[in-house]
file protein_14.txt (compact mmCIF, C-alpha atoms and all ligand atoms)
# COMPACT_ATOMS: atom_id res chain seq x y z
CA MET A 16 -9.13 -16.10 8.22
CA GLY A 17 -9.30 -15.59 11.99
CA GLU A 18 -9.61 -12.14 13.56
CA VAL A 19 -6.55 -10.00 12.89
CA SER A 20 -5.90 -6.56 14.33
CA GLU A 21 -6.64 -3.57 12.13
CA PRO A 22 -2.99 -2.62 11.46
CA VAL A 23 -2.17 -6.18 10.43
CA ALA A 24 -5.28 -6.36 8.21
CA ASP A 25 -4.01 -3.17 6.51
CA LEU A 26 -0.56 -4.71 6.07
CA ILE A 27 -2.04 -7.83 4.51
CA ALA A 28 -4.15 -5.77 2.07
CA THR A 29 -1.10 -3.67 1.16
CA ALA A 30 1.11 -6.72 0.67
CA TRP A 31 -1.43 -8.43 -1.59
CA THR A 32 -1.95 -5.21 -3.55
CA ARG A 33 1.82 -4.94 -4.11
CA ALA A 34 1.96 -8.56 -5.22
CA LEU A 35 -0.87 -8.04 -7.73
CA ARG A 36 0.69 -4.88 -9.09
CA SER A 37 4.08 -6.53 -9.51
CA MET A 38 2.47 -9.14 -11.77
CA VAL A 39 -0.30 -7.35 -13.65
CA ARG A 40 -1.07 -3.94 -15.15
CA ILE A 41 -4.64 -2.76 -15.53
CA ASP A 42 -4.02 -1.61 -19.12
CA ASP A 43 -2.59 -5.00 -20.07
CA LEU A 44 -4.67 -7.61 -18.28
CA PRO A 45 -3.41 -11.17 -18.75
CA GLU A 46 -5.01 -13.71 -21.07
CA LYS A 47 -6.31 -17.02 -19.79
CA GLY A 48 -3.55 -19.63 -19.97
CA THR A 49 -0.75 -17.30 -18.87
CA PRO A 50 1.01 -17.62 -15.49
CA GLN A 51 -0.11 -14.07 -14.65
CA PHE A 52 -3.76 -15.00 -15.17
CA GLU A 53 -3.34 -18.11 -13.05
CA PHE A 54 -1.65 -16.10 -10.28
CA LEU A 55 -4.35 -13.45 -10.33
CA THR A 56 -7.29 -15.85 -10.25
CA ALA A 57 -5.62 -18.11 -7.65
CA ALA A 58 -4.98 -15.10 -5.40
CA ALA A 59 -8.57 -13.94 -5.93
CA ALA A 60 -9.92 -17.39 -5.05
CA MET A 61 -7.82 -17.59 -1.90
CA ILE A 62 -8.78 -14.17 -0.55
CA GLY A 63 -12.30 -14.42 -1.97
CA ARG A 64 -13.16 -17.24 0.42
CA ALA A 65 -13.75 -14.56 3.03
CA SER A 66 -15.87 -12.41 0.68
CA HIS A 67 -19.21 -11.06 1.87
CA VAL A 68 -20.30 -10.59 -1.75
CA PRO A 69 -18.88 -13.41 -3.90
CA THR A 70 -20.33 -11.91 -7.10
CA PRO A 71 -20.71 -8.13 -7.51
CA ILE A 72 -24.25 -6.83 -7.90
CA VAL A 73 -25.23 -4.08 -10.34
CA GLY A 74 -28.61 -2.41 -9.97
CA ARG A 75 -30.62 0.76 -9.78
CA ALA A 76 -32.45 1.88 -6.64
CA ASP A 77 -35.61 4.00 -6.43
CA TRP A 78 -33.75 6.51 -4.30
CA ALA A 79 -31.21 7.25 -7.07
CA THR A 80 -33.40 9.92 -8.68
CA PRO A 81 -31.97 12.63 -10.99
CA GLU A 82 -32.50 15.13 -8.12
CA VAL A 83 -30.48 13.01 -5.71
CA LEU A 84 -27.67 12.55 -8.25
CA THR A 85 -27.61 16.33 -8.88
CA ARG A 86 -27.42 17.05 -5.16
CA LEU A 87 -24.52 14.62 -4.75
CA LEU A 88 -22.69 16.04 -7.78
CA GLU A 89 -23.05 19.55 -6.28
CA ASP A 90 -21.60 18.38 -2.98
CA CYS A 91 -18.79 16.72 -4.93
CA SER A 92 -17.88 19.91 -6.84
CA GLU A 93 -17.97 22.01 -3.66
CA SER A 94 -15.76 19.44 -1.99
CA LEU A 95 -13.34 19.47 -4.95
CA GLU A 96 -13.05 23.26 -4.59
CA ARG A 97 -12.25 22.94 -0.87
CA SER A 98 -9.69 20.18 -1.25
CA SER A 99 -9.02 17.01 -3.13
CA THR A 100 -6.28 14.43 -3.29
CA THR A 101 -4.97 12.84 -6.43
CA LYS A 102 -3.89 9.35 -5.59
CA ASN A 103 -3.11 6.40 -7.82
CA GLY A 104 -4.39 8.20 -10.91
CA LYS A 105 -7.81 9.28 -9.61
CA VAL A 106 -9.15 12.25 -7.71
CA ASN A 107 -10.79 11.75 -4.31
CA ALA A 108 -12.92 14.35 -2.54
CA GLU A 109 -14.62 14.17 0.85
CA VAL A 110 -18.35 13.67 1.29
CA SER A 111 -19.63 16.41 3.62
CA GLY A 112 -21.13 15.41 6.97
CA GLU A 113 -24.52 16.83 5.95
CA THR A 114 -24.54 14.87 2.70
CA TYR A 115 -23.44 11.70 4.46
CA ALA A 116 -26.43 12.03 6.81
CA PHE A 117 -28.66 12.62 3.75
CA LEU A 118 -27.23 9.44 2.17
CA ALA A 119 -27.93 7.43 5.30
CA ASP A 120 -31.56 8.66 5.24
CA LEU A 121 -32.01 7.55 1.63
CA GLY A 122 -31.90 3.91 2.71
CA ILE A 123 -28.63 2.78 1.12
CA ALA A 124 -27.99 0.30 3.94
CA ASP A 125 -31.42 -1.26 3.33
CA THR A 126 -30.68 -1.66 -0.38
CA VAL A 127 -27.30 -3.28 0.37
CA ALA A 128 -28.91 -5.58 2.95
CA GLU A 129 -31.69 -6.60 0.53
CA GLN A 130 -29.24 -7.29 -2.27
CA THR A 131 -26.63 -9.17 -0.26
CA GLY A 132 -28.71 -10.72 2.51
CA ILE A 133 -26.29 -9.20 5.03
CA SER A 134 -27.48 -6.74 7.63
CA VAL A 135 -25.26 -3.66 7.35
CA THR A 136 -25.06 -0.14 8.68
CA MET A 137 -23.49 3.09 7.45
CA ALA A 138 -20.55 4.23 9.57
CA ASP A 139 -19.31 7.84 9.38
CA PRO A 140 -18.20 10.14 6.52
CA SER A 141 -14.63 8.80 6.61
CA HIS A 142 -16.09 5.58 5.19
CA SER A 143 -17.12 7.37 2.01
CA THR A 144 -15.55 9.39 -0.78
CA TYR A 145 -16.24 10.87 -4.19
CA ILE A 146 -14.03 9.45 -6.92
CA VAL A 147 -13.52 11.46 -10.09
CA TYR A 148 -11.77 10.32 -13.26
CA GLU A 149 -11.42 13.26 -15.62
CA SER A 150 -8.20 13.03 -17.65
CA PRO A 151 -7.43 10.51 -20.35
CA GLY A 152 -5.31 7.68 -18.99
CA GLN A 153 -6.57 8.02 -15.41
CA GLY A 154 -7.48 4.65 -13.98
CA LEU A 155 -6.76 2.50 -10.99
CA GLU A 156 -4.37 -0.46 -10.80
CA LEU A 157 -5.68 -3.66 -9.23
CA HIS A 158 -5.84 -3.50 -5.44
CA PHE A 159 -7.63 -4.65 -2.31
CA ASP A 160 -9.40 -2.00 -0.23
CA PHE A 161 -8.53 -1.79 3.47
CA PRO A 162 -10.95 -4.06 5.38
CA ARG A 163 -11.66 -1.28 7.89
CA TYR A 164 -13.24 0.84 5.09
CA GLY A 165 -16.21 -1.51 4.94
CA ASP A 166 -17.34 -5.13 5.01
CA VAL A 167 -19.43 -4.39 1.93
CA ASN A 168 -18.82 -1.52 -0.50
CA ILE A 169 -21.21 0.33 -2.72
CA LEU A 170 -20.21 2.49 -5.66
CA LEU A 171 -22.93 4.77 -6.98
CA CYS A 172 -22.31 6.18 -10.45
CA LEU A 173 -23.23 9.88 -10.28
CA GLU A 174 -22.14 10.86 -13.76
CA ARG A 175 -20.79 9.18 -16.82
CA ILE A 176 -19.89 11.37 -19.79
CA GLY A 177 -18.50 10.20 -23.11
CA LEU A 178 -19.86 6.68 -23.42
CA ASP A 179 -20.53 7.39 -27.08
CA GLN A 180 -16.85 8.10 -27.79
CA THR A 181 -15.05 5.66 -30.02
CA GLY A 182 -12.56 3.35 -28.34
CA THR A 183 -13.00 1.18 -25.28
CA PRO A 184 -14.68 2.99 -22.40
CA SER A 185 -13.15 2.81 -18.94
CA ARG A 186 -14.54 -0.11 -16.94
CA THR A 187 -14.47 -1.41 -13.40
CA ILE A 188 -12.54 -4.67 -13.27
CA VAL A 189 -13.13 -7.36 -10.65
CA VAL A 190 -11.23 -10.65 -10.47
CA ASP A 191 -12.50 -13.86 -8.91
CA GLY A 192 -11.35 -17.46 -8.99
CA ASP A 193 -12.92 -17.97 -12.43
CA GLY A 194 -11.55 -14.97 -14.24
CA ILE A 195 -11.66 -11.26 -14.90
CA SER A 196 -15.00 -9.45 -15.20
CA GLU A 197 -15.59 -5.98 -16.60
CA TYR A 198 -18.43 -3.71 -15.53
CA LEU A 199 -19.71 -0.61 -17.23
CA PHE A 200 -22.33 1.25 -15.28
CA ALA A 201 -24.40 4.29 -16.12
CA ALA A 202 -25.39 7.28 -13.98
CA GLY A 203 -27.82 6.15 -11.27
CA GLU A 204 -26.60 2.55 -11.17
CA TYR A 205 -24.99 1.05 -8.10
CA PHE A 206 -22.31 -1.59 -7.80
CA ILE A 207 -22.17 -3.65 -4.60
CA PHE A 208 -19.06 -5.71 -3.89
CA ASP A 209 -16.51 -6.63 -1.24
CA GLY A 210 -13.46 -4.53 -2.09
CA ALA A 211 -11.34 -6.03 0.69
CA ALA A 212 -11.85 -9.56 -0.63
CA SER A 213 -11.73 -9.10 -4.41
CA PRO A 214 -8.90 -7.70 -6.53
CA HIS A 215 -10.41 -4.77 -8.44
CA GLY A 216 -9.46 -1.65 -10.35
CA ARG A 217 -10.41 0.51 -13.32
CA THR A 218 -9.15 0.51 -16.90
CA PRO A 219 -7.84 3.87 -18.13
CA LEU A 220 -10.16 6.67 -19.14
CA GLN A 221 -10.41 7.41 -22.86
CA SER A 222 -10.39 10.96 -24.13
CA GLY A 223 -13.83 12.55 -23.83
CA GLU A 224 -14.82 10.46 -20.81
CA ARG A 225 -15.59 11.72 -17.33
CA ILE A 226 -16.78 9.48 -14.51
CA THR A 227 -17.87 10.53 -11.03
CA LEU A 228 -18.60 7.87 -8.42
CA LEU A 229 -19.61 7.94 -4.80
CA SER A 230 -18.07 5.17 -2.75
CA ALA A 231 -19.28 4.08 0.68
CA GLY A 232 -18.15 1.27 2.96
CA LEU A 233 -20.82 -0.36 5.13
CA MET A 234 -20.25 -2.45 8.24
CA LYS A 235 -21.92 -5.70 9.15
CA THR A 236 -24.34 -5.01 11.95
CA GLY A 237 -22.95 -6.27 15.21
CA ASP A 238 -19.35 -5.77 14.08
CA LYS A 239 -17.27 -5.09 17.18
CA ARG A 240 -15.29 -2.36 15.42
CA HIS A 241 -18.37 -0.20 15.08
CA ALA A 242 -20.38 -1.22 18.08
CA GLN A 243 -20.55 2.39 19.24
CA GLN A 244 -22.42 3.38 16.09
CA LEU A 245 -25.11 0.73 16.35
O1 LIG B 301 -13.33 3.25 -10.16
C1 LIG B 301 -13.79 2.20 -9.76
O2 LIG B 301 -14.65 1.60 -10.40
C2 LIG B 301 -13.28 1.55 -8.48
C3 LIG B 301 -12.78 2.52 -7.45
C4 LIG B 301 -12.07 1.84 -6.30
O3 LIG B 301 -11.89 0.68 -6.29
C5 LIG B 301 -11.54 2.59 -5.14
O4 LIG B 301 -11.65 3.81 -5.13
O5 LIG B 301 -11.01 1.95 -4.22
FE FE B 302 -11.11 -0.06 -4.39
call {"tool": "encode", "arguments": {"input": "protein_14.txt", "output": "structure tokens"}}
result
Amino acid sequence: MGEVSEPVADLIATAWTRALRSMVRIDDLPEKGTPQFEFLTAAAAMIGRASHVPTPIVGRADWATPEVLTRLLEDCSESLERSSTTKNGKVNAEVSGETYAFLADLGIADTVAEQTGISVTMADPSHSTYIVYESPGQGLELHFDFPRYGDVNILLCLERIGLDQTGTPSRTIVVDGDGISEYLFAAGEYFIFDGAASPHGRTPLQSGERITLLSAGLMKTGDKRHAQQL
């Protein structure tokens, strides 16, 4: 795709998200061989051509120590007390400016660059959020993230409670041209992907589960949109 302006890129992401959601529900993902599956994987293949991370990467970085996770969880609970928004079945809370600077110092951009081979930079706190799933049934329908959030996204799992519960634990879902993949990550693990170029979502939380994630969008170095931050 050629360069499109930011508002139009948002409109395209929104339109594709609506199309996905009109065809498929996250709690009833289609089986191979159905028209819905074909639609989903064809759409994923089309948009995925522009992906910076064709296959998501799960890993664990040295900087994700128990102390770091605790510090981030504390910032998350303070932020939840100040204000939070419940949108599309999940709770979002802001990352504080101080914590965002702390995150940048940890070397997250270096990890993302090493793993993807793409040179990236952190932007500002508006390109990050805590995501909390705490009530049974909370999840996230398939969607595309807005491209302006980041060229490459990282989710860091801060807390995962209730994995030993019976039933199917909530999972991150990512679709590509070949099919639907499910990811289950534990506290301290990261997940690197391109949320603007891959349909993704989360299957509903089971009772007894609680998941807290930190999400950050990173920009390709040299990207015109963020030249002032380089
Ligand atoms: O919960 C997840 O695993 C994905 C979250 C997500 O895609 C988002 O917040 O945009
Ligand atoms: Fe997303």
call {"tool": "closest_residue", "arguments": {"input": "protein_14.txt", "among": "A:Ile176, A:Leu84, A:Leu35, A:Ala211", "to": "ligand LIG 301 (chain B)", "atoms": "only C-alpha atoms and all ligand atoms"}}
result
A:Ala211
call {"tool": "residues_near_ligand", "arguments": {"input": "protein_14.txt", "ligand": "ligand FE 302 (chain B)", "cutoff": "7 Å", "atoms": "only C-alpha atoms and all ligand atoms", "output": "ChimeraX atom specification"}}
result
/A:158-160,210,215-216
call {"tool": "write_last_selection", "arguments": {"input": "protein_14.txt", "atoms": "C-alpha atoms", "output": "mmCIF file, in the coordinates of the input"}}
result
data_model
loop_
_atom_site.group_PDB
_atom_site.id
_atom_site.type_symbol
_atom_site.label_atom_id
_atom_site.label_comp_id
_atom_site.auth_asym_id
_atom_site.auth_seq_id
_atom_site.Cartn_x
_atom_site.Cartn_y
_atom_site.Cartn_z
ATOM 1 C CA HIS A 158 -5.840 -3.500 -5.440
ATOM 2 C CA PHE A 159 -7.630 -4.650 -2.310
ATOM 3 C CA ASP A 160 -9.400 -2.000 -0.230
ATOM 4 C CA GLY A 210 -13.460 -4.530 -2.090
ATOM 5 C CA HIS A 215 -10.410 -4.770 -8.440
ATOM 6 C CA GLY A 216 -9.460 -1.650 -10.350
#
call {"tool": "closest_atom_pairs", "arguments": {"input": "protein_14.txt", "of": "chain A", "to": "ligand LIG 301 (chain B)", "cutoff": "9 Å", "atoms": "only C-alpha atoms and all ligand atoms", "output": "tab-separated table"}}
result
residue	atom	partner	partner_atom	distance
A:Lys105	CA	B:LIG301	O4	8.0
A:Asn107	CA	B:LIG301	O4	8.0
A:Thr144	CA	B:LIG301	O4	8.1
A:Tyr145	CA	B:LIG301	O4	8.5
A:Ile146	CA	B:LIG301	O4	6.4
A:Val147	CA	B:LIG301	O1	8.2
A:Tyr148	CA	B:LIG301	O1	7.9
A:Gly154	CA	B:LIG301	O1	7.1
A:Leu155	CA	B:LIG301	O1	6.7
A:Glu156	CA	B:LIG301	O3	8.8
A:Leu157	CA	B:LIG301	O3	8.1
A:His158	CA	B:LIG301	O3	7.4
A:Phe159	CA	B:LIG301	O5	7.7
A:Asp160	CA	B:LIG301	O5	5.8
A:Phe161	CA	B:LIG301	O5	8.9
A:Leu170	CA	B:LIG301	O2	7.4
A:Cys172	CA	B:LIG301	O2	8.9
A:Ser185	CA	B:LIG301	O2	8.8
A:Arg186	CA	B:LIG301	O2	6.8
A:Thr187	CA	B:LIG301	O2	4.3
A:Ile188	CA	B:LIG301	O2	7.2
A:Tyr198	CA	B:LIG301	O2	8.3
A:Leu199	CA	B:LIG301	O2	8.8
A:Phe206	CA	B:LIG301	O2	8.7
A:Gly210	CA	B:LIG301	O3	6.9
A:Pro214	CA	B:LIG301	O3	8.9
A:His215	CA	B:LIG301	O3	6.0
A:Gly216	CA	B:LIG301	O3	5.3
A:Arg217	CA	B:LIG301	O1	5.1
A:Thr218	CA	B:LIG301	O1	8.4
A:Ile226	CA	B:LIG301	O1	8.3
A:Thr227	CA	B:LIG301	O1	8.6
A:Leu228	CA	B:LIG301	O1	7.2
A:Leu229	CA	B:LIG301	O4	9.0
A:Ser230	CA	B:LIG301	O4	7.0
call {"tool": "closest_residue", "arguments": {"input": "protein_14.txt", "among": "A:Val73, A:Ala58, A:Ile41, A:Val127", "to": "Ala212 in chain A", "atoms": "all atoms listed in the file"}}
result
A:Ala58
call {"tool": "axis_aligned_box", "arguments": {"input": "protein_14.txt", "around": "range 176-185 of chain A", "padding_each_side": "8 Å", "output": "lines of an AutoDock Vina configuration file"}}
result
center_x = -16.5
center_y = 6.3
center_z = -24.5
size_x = 24.0
size_y = 26.2
size_z = 27.1
call {"tool": "residues_near_point", "arguments": {"input": "protein_14.txt", "point": "(-20.4, 7.2, 7.0)", "cutoff": "10 Å", "atoms": "all atoms listed in the file", "output": "number ranges by chain"}}
result
A: 110-112, 114-116, 118-119, 136-144, 164-165, 231-234
call {"tool": "atom_distance", "arguments": {"input": "protein_14.txt", "atom1": "CA of Asn168 in chain A", "atom2": "CA of Val68 in chain A"}}
result
9.3 Å
call {"tool": "residues_around", "arguments": {"input": "protein_14.txt", "residues": "Thr85 in chain A", "least_positions_apart": "2", "cutoff": "12 Å", "atoms": "all atoms listed in the file", "output": "list in words"}}
result
Ala79, Thr80, Pro81, Glu82, Val83, Leu87, Leu88, Glu89, Asp90, Cys91, Ser92, Cys172, Leu173, Glu174, Ala202, Gly203 and Thr227 of chain A
call {"tool": "write_last_selection", "arguments": {"input": "protein_14.txt", "atoms": "C-alpha atoms", "output": "compact mmCIF listing (two decimals), in the frame of the given file"}}
result
# COMPACT_ATOMS: atom_id res chain seq x y z
CA ALA A 79 -31.21 7.25 -7.07
CA THR A 80 -33.40 9.92 -8.68
CA PRO A 81 -31.97 12.63 -10.99
CA GLU A 82 -32.50 15.13 -8.12
CA VAL A 83 -30.48 13.01 -5.71
CA LEU A 87 -24.52 14.62 -4.75
CA LEU A 88 -22.69 16.04 -7.78
CA GLU A 89 -23.05 19.55 -6.28
CA ASP A 90 -21.60 18.38 -2.98
CA CYS A 91 -18.79 16.72 -4.93
CA SER A 92 -17.88 19.91 -6.84
CA CYS A 172 -22.31 6.18 -10.45
CA LEU A 173 -23.23 9.88 -10.28
CA GLU A 174 -22.14 10.86 -13.76
CA ALA A 202 -25.39 7.28 -13.98
CA GLY A 203 -27.82 6.15 -11.27
CA THR A 227 -17.87 10.53 -11.03
call {"tool": "atom_distance", "arguments": {"input": "protein_14.txt", "atom1": "CA of Ala201 in chain A", "atom2": "CA of Ser98 in chain A"}}
result
26.3 Å
call {"tool": "residues_around", "arguments": {"input": "protein_14.txt", "residues": "Thr56 in chain A", "least_positions_apart": "2", "cutoff": "10 Å", "atoms": "only C-alpha atoms", "output": "MDAnalysis selection string"}}
result
chainID A and resid 47 50:54 58:63 190:195 213:214
call {"tool": "residues_around", "arguments": {"input": "protein_14.txt", "residues": "Glu149 in chain A", "least_positions_apart": "5", "cutoff": "8 Å", "atoms": "all atoms listed in the file", "output": "PyMOL selection string"}}
result
chain A and resi 220+224-226
call {"tool": "write_last_selection", "arguments": {"input": "protein_14.txt", "atoms": "C-alpha atoms", "output": "JSON list (two decimals), in the frame of the given file"}}
result
[["chain", "number", "residue", "atom", "x", "y", "z"],
["A", 220, "LEU", "CA", -10.16, 6.67, -19.14],
["A", 224, "GLU", "CA", -14.82, 10.46, -20.81],
["A", 225, "ARG", "CA", -15.59, 11.72, -17.33],
["A", 226, "ILE", "CA", -16.78, 9.48, -14.51]]
call {"tool": "atom_distance", "arguments": {"input": "protein_14.txt", "atom1": "CA of Glu18 in chain A", "atom2": "CA of Ile133 in chain A"}}
result
19.0 Å
call {"tool": "closest_residue", "arguments": {"input": "protein_14.txt", "among": "A:Ala30, A:Val19, A:Leu178, A:Val106", "to": "Ser150 in chain A", "atoms": "all atoms listed in the file"}}
result
A:Val106
call {"tool": "closest_residue", "arguments": {"input": "protein_14.txt", "among": "A:Arg97, A:Arg75, A:His67, A:Arg175", "to": "Lys235 in chain A", "atoms": "all atoms listed in the file"}}
result
A:His67
call {"tool": "closest_residue", "arguments": {"input": "protein_14.txt", "among": "A:Arg86, A:Arg64, A:Arg163, A:Lys102", "to": "Val23 in chain A", "atoms": "only C-alpha atoms"}}
result
A:Arg163
call {"tool": "build_atoms", "arguments": {"input": "protein_14.txt", "residues": "range 84-95 of chain A", "atoms": "N, CA and C atoms", "output": "mmCIF file, in the coordinates of the input"}}
result
data_model
loop_
_atom_site.group_PDB
_atom_site.id
_atom_site.type_symbol
_atom_site.label_atom_id
_atom_site.label_comp_id
_atom_site.auth_asym_id
_atom_site.auth_seq_id
_atom_site.Cartn_x
_atom_site.Cartn_y
_atom_site.Cartn_z
ATOM 1 N N LEU A 84 -28.985 12.569 -7.587
ATOM 2 C CA LEU A 84 -27.670 12.550 -8.250
ATOM 3 C C LEU A 84 -27.139 13.976 -8.390
ATOM 4 N N THR A 85 -28.032 14.924 -8.729
ATOM 5 C CA THR A 85 -27.610 16.330 -8.880
ATOM 6 C C THR A 85 -27.113 16.870 -7.541
ATOM 7 N N ARG A 86 -27.851 16.570 -6.482
ATOM 8 C CA ARG A 86 -27.420 17.050 -5.160
ATOM 9 C C ARG A 86 -26.033 16.512 -4.783
ATOM 10 N N LEU A 87 -25.802 15.235 -5.083
ATOM 11 C CA LEU A 87 -24.520 14.620 -4.750
ATOM 12 C C LEU A 87 -23.394 15.206 -5.621
ATOM 13 N N LEU A 88 -23.712 15.455 -6.902
ATOM 14 C CA LEU A 88 -22.690 16.040 -7.780
ATOM 15 C C LEU A 88 -22.326 17.460 -7.316
ATOM 16 N N GLU A 89 -23.336 18.197 -6.802
ATOM 17 C CA GLU A 89 -23.050 19.550 -6.280
ATOM 18 C C GLU A 89 -22.145 19.477 -5.066
ATOM 19 N N ASP A 90 -22.450 18.542 -4.164
ATOM 20 C CA ASP A 90 -21.600 18.380 -2.980
ATOM 21 C C ASP A 90 -20.181 17.995 -3.406
ATOM 22 N N CYS A 91 -20.102 17.148 -4.436
ATOM 23 C CA CYS A 91 -18.790 16.720 -4.930
ATOM 24 C C CYS A 91 -18.018 17.919 -5.486
ATOM 25 N N SER A 92 -18.662 18.781 -6.304
ATOM 26 C CA SER A 92 -17.880 19.910 -6.840
ATOM 27 C C SER A 92 -17.491 20.907 -5.762
ATOM 28 N N GLU A 93 -18.377 21.119 -4.765
ATOM 29 C CA GLU A 93 -17.970 22.010 -3.660
ATOM 30 C C GLU A 93 -16.788 21.415 -2.906
ATOM 31 N N SER A 94 -16.840 20.108 -2.701
ATOM 32 C CA SER A 94 -15.760 19.440 -1.990
ATOM 33 C C SER A 94 -14.447 19.522 -2.777
ATOM 34 N N LEU A 95 -14.546 19.383 -4.101
ATOM 35 C CA LEU A 95 -13.340 19.470 -4.950
ATOM 36 C C LEU A 95 -12.715 20.857 -4.846
#
